[in-house]
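Written below as structure tokens is the structure these notes are about.
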Amino acid sequence: MPAYFHNPVASHFGAGSLNRIVELTEGQTVALVIFPEARALGLLARIEALLGERLVHIVEDVQPNPDVAHLRATYETFWREAGACETVLAVGGGSAIDTAKALMVGTASGRFDELLGLLAAGKPFTPPRCKTLIAAPTTAGTGSEVTPWATLWDAGAQKKYSLHLDCTWPKAALIDPELMLTVPAGVTVSTGLDALSHALEAIWNVNANPLSDTFAISAIEDILDCLPRLRGDLENPDLRARMALAALKAGMAFSNTKTALAHSISYEMTLRHGLPHGIACSFTLPHVLGLAWGRDAVRDQTLQRVFGADLHQAQARLRHFLHSLGVKTEFSDYGVTEEEAGAMIRHALQGARGKNFIGSQAA
Ligand SMILES: NC(=O)c1ccc[n+]([C@@H]2O[C@H](COP(=O)([O-])OP(=O)(O)OC[C@H]3O[C@@H](n4cnc5c(N)ncnc54)[C@H](O)[C@@H]3O)[C@@H](O)[C@H]2O)c1
């Protein structure tokens with residue numbers, strides 16, 4: 001079947017690309033969604049100076065893994081006070097970008113629960129109003145700047161909502177590695193592993209093709225080489241730039257394939273066991289690699305371009321890589337019994353993301 005690849009986001013990459021917000025928002029009013037540490041880092045003041053009077057609303061109390069309990073008030077204040085603004089600028093990790101994606105989708109009533117109701121129904125809908133999104137990631141991981149998806153968490157009810165509309169594709173992504181120089185070691189590792197997981201999940205995926213593979217393979221090679229070195233040299237601008245590019249490539253890959261089994265498993269590990277997203281979706285990668293291997297000759301060839309022809313060596317390499325970053329790779333390391341793990345994998349295979357996994361039919 002002929003391959004197809006589509007990504008409508010205008011991507012700007014390189015040190016200083018944040019400054020492009022000036023020309024990209026010319027003549028518009030802007031609401032800013034930014035991670036909490038940005039004020040102390042001087043980044044908020046820099047953006048205020050760049051945007052001047054165009055900046056009409058600021059949301060800076062972004063929570064990691066944005067939860068509906070917190071989003072409700074933020075959403076309703078946003079639409080009440082800044083409902084007329086044209087652009088939402090998200091500056092932060094996936095939590096800030098996903099928060100911005102939730103805010104930008106306007107319901108008829110301006111009430112957040114109306115949006116949740118639409119998401120819970122799981123049917124496509126066209127919102128009566130939607131803002132334009134510009135996303136500047138400050139972590140190298142989620143790829144949310146080049147995807148239309150947002151994950152909204154409901155820890156109270158132990159579930160999550162997936163937001164995905166045509167209008168939630170960012171109009172532009174500004175990938176400025178200088179913004180990532182202050183990311184602490186733990187977040188650098190977990191976000192980098194999120195990107196690795198995106199790239200691998202884009203390969204063992206029923207939606208994969210040679211175009212998505214090109215981005216995915218290149219991302220994996222960069223991350224395997226670069227992330228351990230960056231962990232030991234966090235202020236190195238060249239390594240930050242390589243990881244930023246690798247996360248962008250992984251984001252491009254899965255923007256067309258979506259994720260698969262490792263992510264499907266991760267949601268339960270985050271909700272039930274509190275694991276950070278990047279760890280939750282990467283500790284199973286050696287195991288999922290074993291489940292993917294031998295399912296599809298073309299997928300095997302792609303995996304073997306990265307890992308060579310021997311499955312056991314490939315799994316050992318991935319395990320060693322994760323262990324070298326301080327990440328444990330067995331369910332039992334996280335207090336999950338073998339029986340629970342088996343049930344979790346079976347359940348994950350039935351989920352929307354699990355069904356993208358090439359082994360899902362046969363498993
Ligand atoms: N939409 C998508 O396609 C997609 C894909 C993967 C993950 N996600 C979502 O992204 C979220 C996780 O995002 P994340 O992994 O980027 O972490 P995050 O955004 O939660 O950030 C982690 C921590 O680092 C801080 N931080 C961010 N940038 C910083 C910087 N430059 N300097 C210092 N501190 C900084 C944040 O304030 C936060 O405390 C989850 O909610 C997950 O569901 C979305």
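Residues are referred to by chain and number: the chain letter is A, B, ... according to the order shown in the structure tokens, the number counts from 1 in that chain, and ligands are numbered separately from 1 in the order shown.
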Can you pull out every residue within 12 Å of Arg80 in chain A, counting only C-alpha atoms, but drop anything in the same chain fewer than 3 positions away, and send it as JSON, numbers by chain?
{"A": [57, 73, 74, 75, 76, 77, 83, 84, 85, 103, 106, 107, 109, 110, 111, 112]}
Using only C-alpha atoms, which protein or nucleic acid residues come within 7 Å of Asn356 in chain A? Drop anything in the same chain fewer than 5 positions from it, and give the result as an NGL selection string.
:A and (205-206 or 260)
Could the residues in this selection be saved with N, CA and C atoms as an mmCIF file, in the first residue's frame?
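That gives us out_24.cif:
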data_model
loop_
_atom_site.group_PDB
_atom_site.id
_atom_site.type_symbol
_atom_site.label_atom_id
_atom_site.label_comp_id
_atom_site.auth_asym_id
_atom_site.auth_seq_id
_atom_site.Cartn_x
_atom_site.Cartn_y
_atom_site.Cartn_z
ATOM 1 N N ASN A 205 3.819 -0.909 15.105
ATOM 2 C CA ASN A 205 2.500 -0.280 15.043
ATOM 3 C C ASN A 205 1.808 -0.636 13.727
ATOM 4 N N VAL A 206 0.531 -0.947 13.790
ATOM 5 C CA VAL A 206 -0.196 -1.312 12.561
ATOM 6 C C VAL A 206 -0.271 -0.140 11.575
ATOM 7 N N ALA A 260 1.204 2.694 21.072
ATOM 8 C CA ALA A 260 0.746 1.294 21.033
ATOM 9 C C ALA A 260 0.776 0.694 22.442
#
Given a cut-off of 6 Å, what residues near ligand 1 show up using only C-alpha atoms and all ligand atoms, put as a list in words?
Phe35, Pro36, Glu37, Pro64, Asn65, Pro66, Gly92, Gly93, Gly94, Ser95, Ala96, Asp98, Thr138, Thr139, Gly141, Thr142, Gly143, Ser144, Thr147, Trp149, Ala150, Thr151, Leu179, Met180, Thr182, Val183, Val187, Thr191 and His277 of chain A
Select, from A:Leu291, A:Val62, A:Leu303, A:Leu227, the residue with the minimum atom-to-atom distance to Ala202 in chain A, counting only C-alpha atoms.
A:Leu303
From the DSSP assignment of the backbone, select every residue of range 88-322 of chain A that is helix (DSSP H, G or I), and format the answer as an MDAnalysis selection string.
chainID A and resid 94:104 112:121 144:146 166:168 177:180 185:203 210:231 237:257 261:273 277:280 285:292 297:307 311:322
Who sits within 9 Å of Val56 in chain A, only C-alpha atoms, same chain under 3 positions skipped, as a VMD selection string:
chain A and resid 29 to 32 53 81 to 82 85
Save the residues we just selected, N, CA and C atoms, as an mmCIF file, in the first residue's frame?
data_model
loop_
_atom_site.group_PDB
_atom_site.id
_atom_site.type_symbol
_atom_site.label_atom_id
_atom_site.label_comp_id
_atom_site.auth_asym_id
_atom_site.auth_seq_id
_atom_site.Cartn_x
_atom_site.Cartn_y
_atom_site.Cartn_z
ATOM 1 N N THR A 29 -4.140 38.898 20.147
ATOM 2 C CA THR A 29 -4.021 38.836 21.606
ATOM 3 C C THR A 29 -3.721 37.383 21.995
ATOM 4 N N VAL A 30 -2.937 37.240 23.064
ATOM 5 C CA VAL A 30 -2.368 35.933 23.392
ATOM 6 C C VAL A 30 -2.625 35.586 24.851
ATOM 7 N N ALA A 31 -3.007 34.322 25.091
ATOM 8 C CA ALA A 31 -3.037 33.775 26.457
ATOM 9 C C ALA A 31 -1.853 32.822 26.576
ATOM 10 N N LEU A 32 -1.124 32.934 27.661
ATOM 11 C CA LEU A 32 0.076 32.116 27.864
ATOM 12 C C LEU A 32 -0.187 31.040 28.910
ATOM 13 N N GLU A 53 1.856 44.200 25.179
ATOM 14 C CA GLU A 53 0.416 44.309 25.471
ATOM 15 C C GLU A 53 -0.424 43.228 24.802
ATOM 16 N N GLU A 81 -12.386 35.230 31.314
ATOM 17 C CA GLU A 81 -11.526 36.424 31.307
ATOM 18 C C GLU A 81 -10.794 36.636 29.990
ATOM 19 N N ALA A 82 -10.549 35.537 29.247
ATOM 20 C CA ALA A 82 -9.732 35.673 28.023
ATOM 21 C C ALA A 82 -10.401 35.015 26.829
ATOM 22 N N CYS A 85 -9.444 36.134 23.300
ATOM 23 C CA CYS A 85 -8.080 36.109 22.743
ATOM 24 C C CYS A 85 -8.012 35.173 21.537
#
Expressed in Å, the length from CA of Met269 in chain A to CA of Val189 in chain A is 17.6 Å
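Proximity of A:Ala3, A:Leu311, A:Ile279, A:Leu24 to Asn207 in chain A, computed with only C-alpha atoms, is greatest for A:Ala3.
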Need the shell around Asn19 in chain A: protein/DNA/RNA residues with any atom at most 10 Å away, counting only C-alpha atoms. Skip same-chain ones fewer than 6 positions apart. Format as a PyMOL selection string?
chain A and resi 46-47+50-51+174+176
Prev. selection, C-alpha atoms, output as a compact mmCIF listing (two decimals), in the first residue's frame:
# COMPACT_ATOMS: atom_id res chain seq x y z
CA ARG A 46 11.28 37.29 28.89
CA ILE A 47 8.00 36.28 27.23
CA LEU A 50 8.53 39.86 23.87
CA LEU A 51 4.73 40.02 23.72
CA LEU A 174 9.01 26.32 18.44
CA ASP A 176 14.23 25.84 21.25
With only C-alpha atoms as the counted atoms, please give the residues lying no more than 8 Å from range 316-319 of chain A, apart from itself and same-chain residues fewer than 2 positions off, as a VMD selection string.
chain A and resid 285 to 286 312 to 314 321 to 323 329
Those same residues, written as a CSV table (one decimal), in the first residue's frame with N, CA and C atoms?
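result09.csv, written as the output of this step:
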chain,number,residue,atom,x,y,z
A,285,LEU,N,9.5,-1.6,27.7
A,285,LEU,CA,10.0,-1.6,26.3
A,285,LEU,C,10.7,-2.9,25.9
A,286,PRO,N,11.6,-3.4,26.8
A,286,PRO,CA,12.3,-4.7,26.4
A,286,PRO,C,11.3,-5.8,26.3
A,312,HIS,N,17.4,-11.6,21.7
A,312,HIS,CA,17.9,-11.6,23.1
A,312,HIS,C,18.9,-10.5,23.3
A,313,GLN,N,19.8,-10.3,22.3
A,313,GLN,CA,20.8,-9.2,22.4
A,313,GLN,C,20.1,-7.9,22.4
A,314,ALA,N,19.0,-7.8,21.5
A,314,ALA,CA,18.3,-6.5,21.4
A,314,ALA,C,17.6,-6.2,22.7
A,321,PHE,N,20.4,-0.3,28.8
A,321,PHE,CA,20.3,1.1,28.6
A,321,PHE,C,19.4,1.7,29.7
A,322,LEU,N,18.2,1.1,29.9
A,322,LEU,CA,17.3,1.6,30.9
A,322,LEU,C,18.0,1.5,32.3
A,323,HIS,N,18.6,0.4,32.6
A,323,HIS,CA,19.3,0.2,33.9
A,323,HIS,C,20.3,1.3,34.1
A,329,THR,N,13.2,-2.5,35.1
A,329,THR,CA,12.5,-2.9,33.9
A,329,THR,C,11.5,-4.1,34.1
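You can rank A:Leu119, A:Ile21, A:Leu55, A:Val336 by their closest distance to Lys160 in chain A using only C-alpha atoms, and at the top of that list sits A:Leu119.
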